[in-house]
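First comes the structure, then the notes that go with it.
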Amino acid sequence: MSAVVYRAPLLTPRSADRLDAWADGGLRVRDGRIEAAGDFDAVMVLGEAAVESLDGVLVPGFADVHIHWVQFPVRGAFEEELMPWLREYIWPEEMRYADQDFARAAAQRFFAATVRAGTVMGMSYSSVHAAATHIADEARVGDWMVGDVVMEHGAPEALTRASVHDAAELNARAAGIGPDRYVVTPRFALNCTPALMAALGDFARAGGYRVQTHLSESPGEIREVLREFPDAEDYTDVYDRAGLLGPRSVLGHCIHLSPREWSVLRARGSWIAHCPSSNEALDSGRMDLDTVRRLDIPYALASDVGAGSSHSLLHVMQRFLEIHRAAGVEVSATEALYRATLAGAECMGRGAVAGSLDAGKRADFVLLPRPAGGFLPEAWIEEWTRGAMAELETRPLATWIAGERHAPPAT
Ligand SMILES: [Zn+2]
């Protein structure tokens with residue numbers, strides 16, 4: 001196919017503190033890939049191309065590395081602490097995904113909403129049900145990884161019965177999806193025995209699978225974990241003993257960790273899925289960003305819907321900037337954009353093929369409205385994160401995934 005050059009200002013993050021930007025940019029796309037990105041004139045000399053001028057600014061598509069697609073219908077609906085919220089609202093809701101028609105309709109609504117909000121990739125928790133996980137994988141719009149939550153005990157029987165109970169069963173469920181898309185997902189320590197967690201860890205290592213779980217979200221949860229695992233040194237040690245921590249592990253939250261636990265995470269090279277809006281909603285506390293930075297622990301932003309009230313990464317960026325600044329920690333708009341795009345791709349092991357506007361990468365990008373005034377990339381990012389949640393969810397003017405344009409429905 002011939003190339004198309006999209007003409008608009010371009011912004012793309014390089015790292016937590018560096019951004020490249022072109023006021024008169026050109027994004028050259030062919031066959032779903034970016035062929036070149038930079039100054040419009042420089043991109044045009046590469047050869048014949050159709051030019052499409054866009055009214056807005058192009059940034060990479062967003063990545064959400066911790067979201068529960070099965071909680072999308074009840075996102076932000078309840079204000080509770082973690083443990084009662086799970087038991088009273090979330091687990092009963094997730095039981096509904098035993099019904100495949102229900103799951104199929106819910107998956108379609110979920111992916112329509114995430115694309116509308118500019119999200120092009122992510123890692124999602126499913127319910128315990130094998131079929132619902134396959135339905136999500138089939139219905140996905142964008143580059144999503146998904147895993148059914150393993151809940152062996154500590155939950156209603158309707159859930160524990162449908163869960164994976166051993167590695168052989170996990171193998172059967174992962175087959176057909178594979179390590180590129182299937183994530184080993186022990187929900188959290190309170191739903192699994194040490195023996196099962198160790199089997200999951202072995203399976204993930206042997207097959208090259210990513211692991212996702214929750215770590216140290218609320219004080220009530222931590223107390224229960226320590227009661228249930230009296231031999232463990234701390235919450236992190238429960239997972240570490242099971243062999244669940246490594247560079248392919250993505251740990252949601254990490255709010256109340258001791259210095260020992262932080263050093264274990266650093267030593268294992270594990271990622272944190274940082275979910276500021278969720279932490280705010282469940283009053284869980286604030287992740288210690290100073291320590292994360294000091295130890296150079298990799299992290300990416302995530303919505304954690306349904307505890308997170310919105311699937312919009314612009315909303316997550318807003319909460320990220322606000323809660324750390326309110327605590328006196330310096331955070332930049334550039335860092336927010338990096339953590340919501342390229343860092344997410346890196347967390348998923350896709351840093352070389354997605355997450356930024358670079359030649360050779362998948363053509364995943366979002367058109368955002370051009371703020372009034374001069375060319376001020378840092379101020380523009382701040383501007384895009386301002387506003388009410390519903391506004392942020394529909395702020396993108398269009399989203400491209402692998403070069404294919406997903407325009408919002410006409411209103
Ligand atoms: Zn979660």
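If you're wondering about the labels, chains in the structure tokens are A, B, ... by order shown, residues count from 1 in each chain, ligands from 1 in order shown.
Note that DSSP on the backbone gives strand (DSSP E or B) to these residues of range 248-342 of chain A: A:Ser249, A:Val250, A:Leu251, A:Gly252, A:His253, A:Trp271, A:Ile272, A:Ala273, A:His274, A:Tyr299, A:Ala300, A:Leu301.
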Just write the chosen residues, all heavy atoms, as an mmCIF file, in the first residue's frame.
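And here is the file that came out, result-v3.cif:
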```cif
data_model
loop_
_atom_site.group_PDB
_atom_site.id
_atom_site.type_symbol
_atom_site.label_atom_id
_atom_site.label_comp_id
_atom_site.auth_asym_id
_atom_site.auth_seq_id
_atom_site.Cartn_x
_atom_site.Cartn_y
_atom_site.Cartn_z
ATOM 1 N N SER A 249 6.947 -9.673 35.818
ATOM 2 C CA SER A 249 5.829 -9.559 36.762
ATOM 3 C C SER A 249 5.387 -8.105 36.879
ATOM 4 O O SER A 249 6.218 -7.202 36.945
ATOM 5 C CB SER A 249 6.246 -10.069 38.141
ATOM 6 O OG SER A 249 6.741 -11.388 38.018
ATOM 7 N N VAL A 250 4.072 -7.917 36.904
ATOM 8 C CA VAL A 250 3.499 -6.573 37.003
ATOM 9 C C VAL A 250 2.616 -6.537 38.243
ATOM 10 O O VAL A 250 1.611 -7.242 38.323
ATOM 11 C CB VAL A 250 2.675 -6.225 35.745
ATOM 12 C CG1 VAL A 250 2.133 -4.808 35.845
ATOM 13 C CG2 VAL A 250 3.527 -6.398 34.487
ATOM 14 N N LEU A 251 3.021 -5.715 39.217
ATOM 15 C CA LEU A 251 2.368 -5.720 40.518
ATOM 16 C C LEU A 251 1.527 -4.465 40.680
ATOM 17 O O LEU A 251 2.056 -3.338 40.628
ATOM 18 C CB LEU A 251 3.443 -5.785 41.612
ATOM 19 C CG LEU A 251 4.411 -6.957 41.396
ATOM 20 C CD1 LEU A 251 5.675 -6.782 42.202
ATOM 21 C CD2 LEU A 251 3.723 -8.281 41.735
ATOM 22 N N GLY A 252 0.241 -4.669 40.872
ATOM 23 C CA GLY A 252 -0.660 -3.532 41.037
ATOM 24 C C GLY A 252 -0.506 -2.920 42.420
ATOM 25 O O GLY A 252 -0.506 -3.646 43.418
ATOM 26 N N HIS A 253 -0.354 -1.591 42.475
ATOM 27 C CA HIS A 253 -0.442 -0.760 43.681
ATOM 28 C C HIS A 253 0.868 -0.555 44.441
ATOM 29 O O HIS A 253 1.425 0.519 44.396
ATOM 30 C CB HIS A 253 -1.554 -1.251 44.618
ATOM 31 C CG HIS A 253 -2.855 -1.400 43.907
ATOM 32 N ND1 HIS A 253 -3.420 -0.347 43.220
ATOM 33 C CD2 HIS A 253 -3.676 -2.469 43.698
ATOM 34 C CE1 HIS A 253 -4.542 -0.751 42.646
ATOM 35 N NE2 HIS A 253 -4.717 -2.049 42.919
ATOM 36 N N TRP A 271 7.856 -4.940 37.684
ATOM 37 C CA TRP A 271 7.199 -3.678 37.344
ATOM 38 C C TRP A 271 6.081 -3.373 38.341
ATOM 39 O O TRP A 271 5.452 -4.288 38.875
ATOM 40 C CB TRP A 271 6.568 -3.777 35.962
ATOM 41 C CG TRP A 271 7.539 -3.573 34.846
ATOM 42 C CD1 TRP A 271 8.429 -4.486 34.358
ATOM 43 C CD2 TRP A 271 7.714 -2.371 34.085
ATOM 44 N NE1 TRP A 271 9.153 -3.925 33.330
ATOM 45 C CE2 TRP A 271 8.727 -2.638 33.133
ATOM 46 C CE3 TRP A 271 7.112 -1.110 34.101
ATOM 47 C CZ2 TRP A 271 9.147 -1.673 32.221
ATOM 48 C CZ3 TRP A 271 7.535 -0.154 33.185
ATOM 49 C CH2 TRP A 271 8.554 -0.436 32.256
ATOM 50 N N ILE A 272 5.818 -2.091 38.507
ATOM 51 C CA ILE A 272 4.631 -1.661 39.268
ATOM 52 C C ILE A 272 3.622 -1.079 38.292
ATOM 53 O O ILE A 272 3.971 -0.276 37.422
ATOM 54 C CB ILE A 272 4.991 -0.583 40.311
ATOM 55 C CG1 ILE A 272 5.974 -1.147 41.334
ATOM 56 C CG2 ILE A 272 3.725 -0.069 41.004
ATOM 57 C CD1 ILE A 272 6.490 -0.099 42.310
ATOM 58 N N ALA A 273 2.374 -1.511 38.445
ATOM 59 C CA ALA A 273 1.261 -0.827 37.778
ATOM 60 C C ALA A 273 0.750 0.191 38.792
ATOM 61 O O ALA A 273 0.185 -0.179 39.826
ATOM 62 C CB ALA A 273 0.168 -1.819 37.405
ATOM 63 N N HIS A 274 1.007 1.448 38.509
ATOM 64 C CA HIS A 274 0.656 2.525 39.446
ATOM 65 C C HIS A 274 -0.726 3.068 39.077
ATOM 66 O O HIS A 274 -0.931 3.552 37.965
ATOM 67 C CB HIS A 274 1.723 3.618 39.353
ATOM 68 C CG HIS A 274 1.456 4.815 40.202
ATOM 69 N ND1 HIS A 274 0.800 4.745 41.414
ATOM 70 C CD2 HIS A 274 1.766 6.140 40.025
ATOM 71 C CE1 HIS A 274 0.708 5.963 41.934
ATOM 72 N NE2 HIS A 274 1.281 6.817 41.106
ATOM 73 N N TYR A 299 7.896 1.526 36.425
ATOM 74 C CA TYR A 299 6.446 1.541 36.628
ATOM 75 C C TYR A 299 5.741 2.202 35.450
ATOM 76 O O TYR A 299 6.334 2.988 34.715
ATOM 77 C CB TYR A 299 6.076 2.236 37.955
ATOM 78 C CG TYR A 299 6.140 3.736 37.930
ATOM 79 C CD1 TYR A 299 4.991 4.487 37.724
ATOM 80 C CD2 TYR A 299 7.338 4.416 38.113
ATOM 81 C CE1 TYR A 299 5.032 5.878 37.705
ATOM 82 C CE2 TYR A 299 7.392 5.796 38.092
ATOM 83 C CZ TYR A 299 6.233 6.525 37.890
ATOM 84 O OH TYR A 299 6.274 7.891 37.854
ATOM 85 N N ALA A 300 4.483 1.832 35.295
ATOM 86 C CA ALA A 300 3.638 2.438 34.270
ATOM 87 C C ALA A 300 2.299 2.766 34.917
ATOM 88 O O ALA A 300 1.923 2.187 35.936
ATOM 89 C CB ALA A 300 3.452 1.476 33.096
ATOM 90 N N LEU A 301 1.577 3.695 34.299
ATOM 91 C CA LEU A 301 0.273 4.095 34.842
ATOM 92 C C LEU A 301 -0.818 3.124 34.407
ATOM 93 O O LEU A 301 -0.724 2.473 33.361
ATOM 94 C CB LEU A 301 -0.081 5.504 34.371
ATOM 95 C CG LEU A 301 0.682 6.642 35.052
ATOM 96 C CD1 LEU A 301 0.352 7.973 34.388
ATOM 97 C CD2 LEU A 301 0.355 6.700 36.551
#
```
Which residues sit within 7 Å of ligand 1, counting only C-alpha atoms and all ligand atoms, listed as an mmCIF file with C-alpha atoms, in the first residue's frame?
```cif
data_model
loop_
_atom_site.group_PDB
_atom_site.id
_atom_site.type_symbol
_atom_site.label_atom_id
_atom_site.label_comp_id
_atom_site.auth_asym_id
_atom_site.auth_seq_id
_atom_site.Cartn_x
_atom_site.Cartn_y
_atom_site.Cartn_z
ATOM 1 C CA HIS A 66 -3.816 -2.871 35.044
ATOM 2 C CA ILE A 67 -7.536 -2.962 34.399
ATOM 3 C CA HIS A 68 -10.330 -5.426 35.152
ATOM 4 C CA HIS A 214 -2.022 -7.155 43.390
ATOM 5 C CA GLY A 252 -0.660 -3.532 41.037
ATOM 6 C CA ASP A 304 -7.533 -0.265 37.702
#
```
Go through A:Ile135, A:Ala36, A:Met44, A:Ile222 and flag the residue nearest Asp101 in chain A, using only C-alpha atoms for the distances.
->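 Nearest to Asp101 in chain A: A:Ile135.
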Hey, what's within 12 Å of Asn279 in chain A if we count only C-alpha atoms and toss same-chain stuff fewer than 6 positions away? As a list in words, please?
->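 Residues meeting the cut-off are Gly76, Glu79, Glu80, Glu81, Leu82, Ser216, Glu217, Ser218, Gly252, His253, Cys254, Ile255, His256, Ala273, Gly285, Arg286, Met287, Ala302, Ser303, Asp304, Val305, Gly306, Ala307, Gly308, Ser309, Val316, Arg319, Phe320 and Ile323 of chain A.
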Residues flagged helix (DSSP H, G or I) by DSSP in range 38-279 of chain A, as a ChimeraX atom specification = /A:40-44,69-74,82-98,100-116,130-139,157-162,167-174,189-191,194-207,219-228,235-241,259-268,276-279
So that each row is one residue of range 176-228 of chain A with an atom at most 12 Å from range 237-247 of chain A, can you give its shortest atom pair and the distance in Å to one decimal, using only C-alpha atoms, rows by chain and rising number, as JSON lines?
```
{"residue": "A:Val184", "atom": "CA", "partner": "A:Leu244", "partner_atom": "CA", "distance": 9.6}
{"residue": "A:Thr185", "atom": "CA", "partner": "A:Leu244", "partner_atom": "CA", "distance": 10.2}
{"residue": "A:Pro186", "atom": "CA", "partner": "A:Leu244", "partner_atom": "CA", "distance": 9.4}
{"residue": "A:Arg187", "atom": "CA", "partner": "A:Tyr239", "partner_atom": "CA", "distance": 11.6}
{"residue": "A:Phe188", "atom": "CA", "partner": "A:Tyr239", "partner_atom": "CA", "distance": 9.2}
{"residue": "A:Ala189", "atom": "CA", "partner": "A:Val238", "partner_atom": "CA", "distance": 7.3}
{"residue": "A:Leu190", "atom": "CA", "partner": "A:Val238", "partner_atom": "CA", "distance": 10.2}
{"residue": "A:Cys192", "atom": "CA", "partner": "A:Val238", "partner_atom": "CA", "distance": 10.4}
{"residue": "A:Thr193", "atom": "CA", "partner": "A:Ala242", "partner_atom": "CA", "distance": 9.7}
{"residue": "A:Pro194", "atom": "CA", "partner": "A:Ala242", "partner_atom": "CA", "distance": 6.5}
{"residue": "A:Ala195", "atom": "CA", "partner": "A:Ala242", "partner_atom": "CA", "distance": 7.7}
{"residue": "A:Leu196", "atom": "CA", "partner": "A:Ala242", "partner_atom": "CA", "distance": 8.5}
{"residue": "A:Met197", "atom": "CA", "partner": "A:Ala242", "partner_atom": "CA", "distance": 5.5}
{"residue": "A:Ala198", "atom": "CA", "partner": "A:Ala242", "partner_atom": "CA", "distance": 4.2}
{"residue": "A:Ala199", "atom": "CA", "partner": "A:Ala242", "partner_atom": "CA", "distance": 7.8}
{"residue": "A:Leu200", "atom": "CA", "partner": "A:Leu244", "partner_atom": "CA", "distance": 7.6}
{"residue": "A:Gly201", "atom": "CA", "partner": "A:Leu244", "partner_atom": "CA", "distance": 4.8}
{"residue": "A:Asp202", "atom": "CA", "partner": "A:Gly243", "partner_atom": "CA", "distance": 7.1}
{"residue": "A:Phe203", "atom": "CA", "partner": "A:Leu244", "partner_atom": "CA", "distance": 9.9}
{"residue": "A:Ala204", "atom": "CA", "partner": "A:Leu244", "partner_atom": "CA", "distance": 8.2}
{"residue": "A:Arg205", "atom": "CA", "partner": "A:Gly243", "partner_atom": "CA", "distance": 8.6}
{"residue": "A:Ala206", "atom": "CA", "partner": "A:Gly243", "partner_atom": "CA", "distance": 11.5}
{"residue": "A:Gly208", "atom": "CA", "partner": "A:Pro247", "partner_atom": "CA", "distance": 10.8}
{"residue": "A:Tyr209", "atom": "CA", "partner": "A:Pro247", "partner_atom": "CA", "distance": 10.8}
{"residue": "A:Arg210", "atom": "CA", "partner": "A:Pro247", "partner_atom": "CA", "distance": 8.6}
{"residue": "A:Val211", "atom": "CA", "partner": "A:Leu244", "partner_atom": "CA", "distance": 7.1}
{"residue": "A:Gln212", "atom": "CA", "partner": "A:Leu244", "partner_atom": "CA", "distance": 8.9}
{"residue": "A:Thr213", "atom": "CA", "partner": "A:Leu244", "partner_atom": "CA", "distance": 9.2}
{"residue": "A:His214", "atom": "CA", "partner": "A:Tyr239", "partner_atom": "CA", "distance": 10.1}
{"residue": "A:Leu215", "atom": "CA", "partner": "A:Tyr239", "partner_atom": "CA", "distance": 8.9}
{"residue": "A:Ser216", "atom": "CA", "partner": "A:Val238", "partner_atom": "CA", "distance": 11.2}
{"residue": "A:Ile222", "atom": "CA", "partner": "A:Val238", "partner_atom": "CA", "distance": 11.1}
{"residue": "A:Val225", "atom": "CA", "partner": "A:Val238", "partner_atom": "CA", "distance": 8.5}
{"residue": "A:Leu226", "atom": "CA", "partner": "A:Val238", "partner_atom": "CA", "distance": 9.0}
{"residue": "A:Arg227", "atom": "CA", "partner": "A:Val238", "partner_atom": "CA", "distance": 11.7}
{"residue": "A:Glu228", "atom": "CA", "partner": "A:Val238", "partner_atom": "CA", "distance": 10.1}
```
Selection file, C-alpha atoms, as a PDB file, in the first residue's frame:
```
ATOM      1  CA  VAL A 184      -0.802 -15.684  34.572  1.00  0.00           C
ATOM      2  CA  THR A 185      -3.093 -13.914  37.044  1.00  0.00           C
ATOM      3  CA  PRO A 186      -3.229 -15.041  40.668  1.00  0.00           C
ATOM      4  CA  ARG A 187      -5.755 -12.465  41.869  1.00  0.00           C
ATOM      5  CA  PHE A 188      -3.899 -11.848  45.104  1.00  0.00           C
ATOM      6  CA  ALA A 189      -2.349 -13.822  47.948  1.00  0.00           C
ATOM      7  CA  LEU A 190      -5.627 -14.226  49.839  1.00  0.00           C
ATOM      8  CA  CYS A 192      -4.277 -18.751  46.561  1.00  0.00           C
ATOM      9  CA  THR A 193      -2.344 -21.351  48.553  1.00  0.00           C
ATOM     10  CA  PRO A 194       1.475 -21.281  48.548  1.00  0.00           C
ATOM     11  CA  ALA A 195       1.505 -24.545  46.565  1.00  0.00           C
ATOM     12  CA  LEU A 196      -0.720 -23.158  43.825  1.00  0.00           C
ATOM     13  CA  MET A 197       1.222 -19.903  43.623  1.00  0.00           C
ATOM     14  CA  ALA A 198       4.469 -21.865  43.267  1.00  0.00           C
ATOM     15  CA  ALA A 199       2.923 -23.920  40.448  1.00  0.00           C
ATOM     16  CA  LEU A 200       1.796 -20.720  38.713  1.00  0.00           C
ATOM     17  CA  GLY A 201       5.291 -19.267  39.098  1.00  0.00           C
ATOM     18  CA  ASP A 202       6.904 -22.373  37.576  1.00  0.00           C
ATOM     19  CA  PHE A 203       4.439 -22.346  34.713  1.00  0.00           C
ATOM     20  CA  ALA A 204       5.049 -18.664  33.944  1.00  0.00           C
ATOM     21  CA  ARG A 205       8.841 -19.010  33.998  1.00  0.00           C
ATOM     22  CA  ALA A 206       8.896 -22.149  31.878  1.00  0.00           C
ATOM     23  CA  GLY A 208       7.785 -17.128  29.216  1.00  0.00           C
ATOM     24  CA  TYR A 209       4.454 -15.797  30.468  1.00  0.00           C
ATOM     25  CA  ARG A 210       3.921 -12.495  32.219  1.00  0.00           C
ATOM     26  CA  VAL A 211       2.451 -12.518  35.717  1.00  0.00           C
ATOM     27  CA  GLN A 212       0.060  -9.921  37.117  1.00  0.00           C
ATOM     28  CA  THR A 213      -1.208  -9.637  40.655  1.00  0.00           C
ATOM     29  CA  HIS A 214      -2.022  -7.155  43.390  1.00  0.00           C
ATOM     30  CA  LEU A 215       0.492  -6.269  46.093  1.00  0.00           C
ATOM     31  CA  SER A 216       0.044  -4.258  49.257  1.00  0.00           C
ATOM     32  CA  ILE A 222      -2.015  -6.743  54.505  1.00  0.00           C
ATOM     33  CA  VAL A 225      -2.189 -11.763  54.360  1.00  0.00           C
ATOM     34  CA  LEU A 226       0.163 -11.802  57.333  1.00  0.00           C
ATOM     35  CA  ARG A 227      -2.368 -13.829  59.334  1.00  0.00           C
ATOM     36  CA  GLU A 228      -2.768 -16.332  56.534  1.00  0.00           C
TER      37      GLU A 228
END
```
Per-residue nearest contacts of range 235-317 of chain A to range 383-391 of chain A (9 Å; only C-alpha atoms) as a Markdown table:
```
| residue | atom | partner | partner_atom | distance |
| --- | --- | --- | --- | --- |
| A:Ser309 | CA | A:Met389 | CA | 8.4 |
| A:Ser310 | CA | A:Met389 | CA | 6.8 |
| A:Ser312 | CA | A:Met389 | CA | 7.7 |
| A:Leu313 | CA | A:Thr385 | CA | 8.9 |
| A:Leu314 | CA | A:Thr385 | CA | 5.1 |
| A:His315 | CA | A:Met389 | CA | 6.2 |
| A:Val316 | CA | A:Thr385 | CA | 8.5 |
| A:Met317 | CA | A:Thr385 | CA | 6.5 |
```
Could the residues in this selection be written to a file with N, CA, C and O atoms, as a short mmCIF file (atom, residue, chain, number, x, y, z; two decimals), in the first residue's frame?
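Generated file (selection12.cif):
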```
data_model
loop_
_atom_site.label_atom_id
_atom_site.label_comp_id
_atom_site.auth_asym_id
_atom_site.auth_seq_id
_atom_site.Cartn_x
_atom_site.Cartn_y
_atom_site.Cartn_z
N SER A 309 -12.17 4.93 38.79
CA SER A 309 -13.50 5.34 38.35
C SER A 309 -13.59 5.54 36.85
O SER A 309 -14.68 5.59 36.30
N SER A 310 -12.45 5.65 36.17
CA SER A 310 -12.49 5.89 34.73
C SER A 310 -11.40 5.11 34.00
O SER A 310 -10.30 4.95 34.51
N SER A 312 -10.16 6.22 31.30
CA SER A 312 -9.40 7.21 30.53
C SER A 312 -8.00 7.38 31.12
O SER A 312 -7.84 7.73 32.29
N LEU A 313 -6.98 7.16 30.30
CA LEU A 313 -5.62 7.39 30.78
C LEU A 313 -5.35 8.87 30.98
O LEU A 313 -4.48 9.24 31.78
N LEU A 314 -6.10 9.74 30.30
CA LEU A 314 -5.95 11.18 30.57
C LEU A 314 -6.40 11.47 32.00
O LEU A 314 -5.82 12.28 32.71
N HIS A 315 -7.45 10.76 32.43
CA HIS A 315 -7.92 10.92 33.81
C HIS A 315 -6.88 10.36 34.78
O HIS A 315 -6.58 10.99 35.81
N VAL A 316 -6.30 9.22 34.46
CA VAL A 316 -5.26 8.65 35.32
C VAL A 316 -4.08 9.62 35.42
O VAL A 316 -3.52 9.85 36.50
N MET A 317 -3.69 10.20 34.28
CA MET A 317 -2.59 11.18 34.28
C MET A 317 -2.94 12.38 35.17
O MET A 317 -2.09 12.89 35.91
#
```
Would you mind listing what lies within 12 Å of Met95 in chain A as an MDAnalysis selection string, with only C-alpha atoms counted and same-chain residues fewer than 3 positions away left out?
-> chainID A and resid 70:71 87 89:92 98:100 102:103 126:129 132 149 155:163
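Ranking A:Gly154, A:Pro84, A:Pro73, A:Pro408 by their shortest atom-to-atom distance to Tyr97 in chain A, with only C-alpha atoms included, puts A:Pro73 first.
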Atomic separation - CA of Arg293 in chain A relative to CA of Asp364 in chain A, Å = 28.2 Å
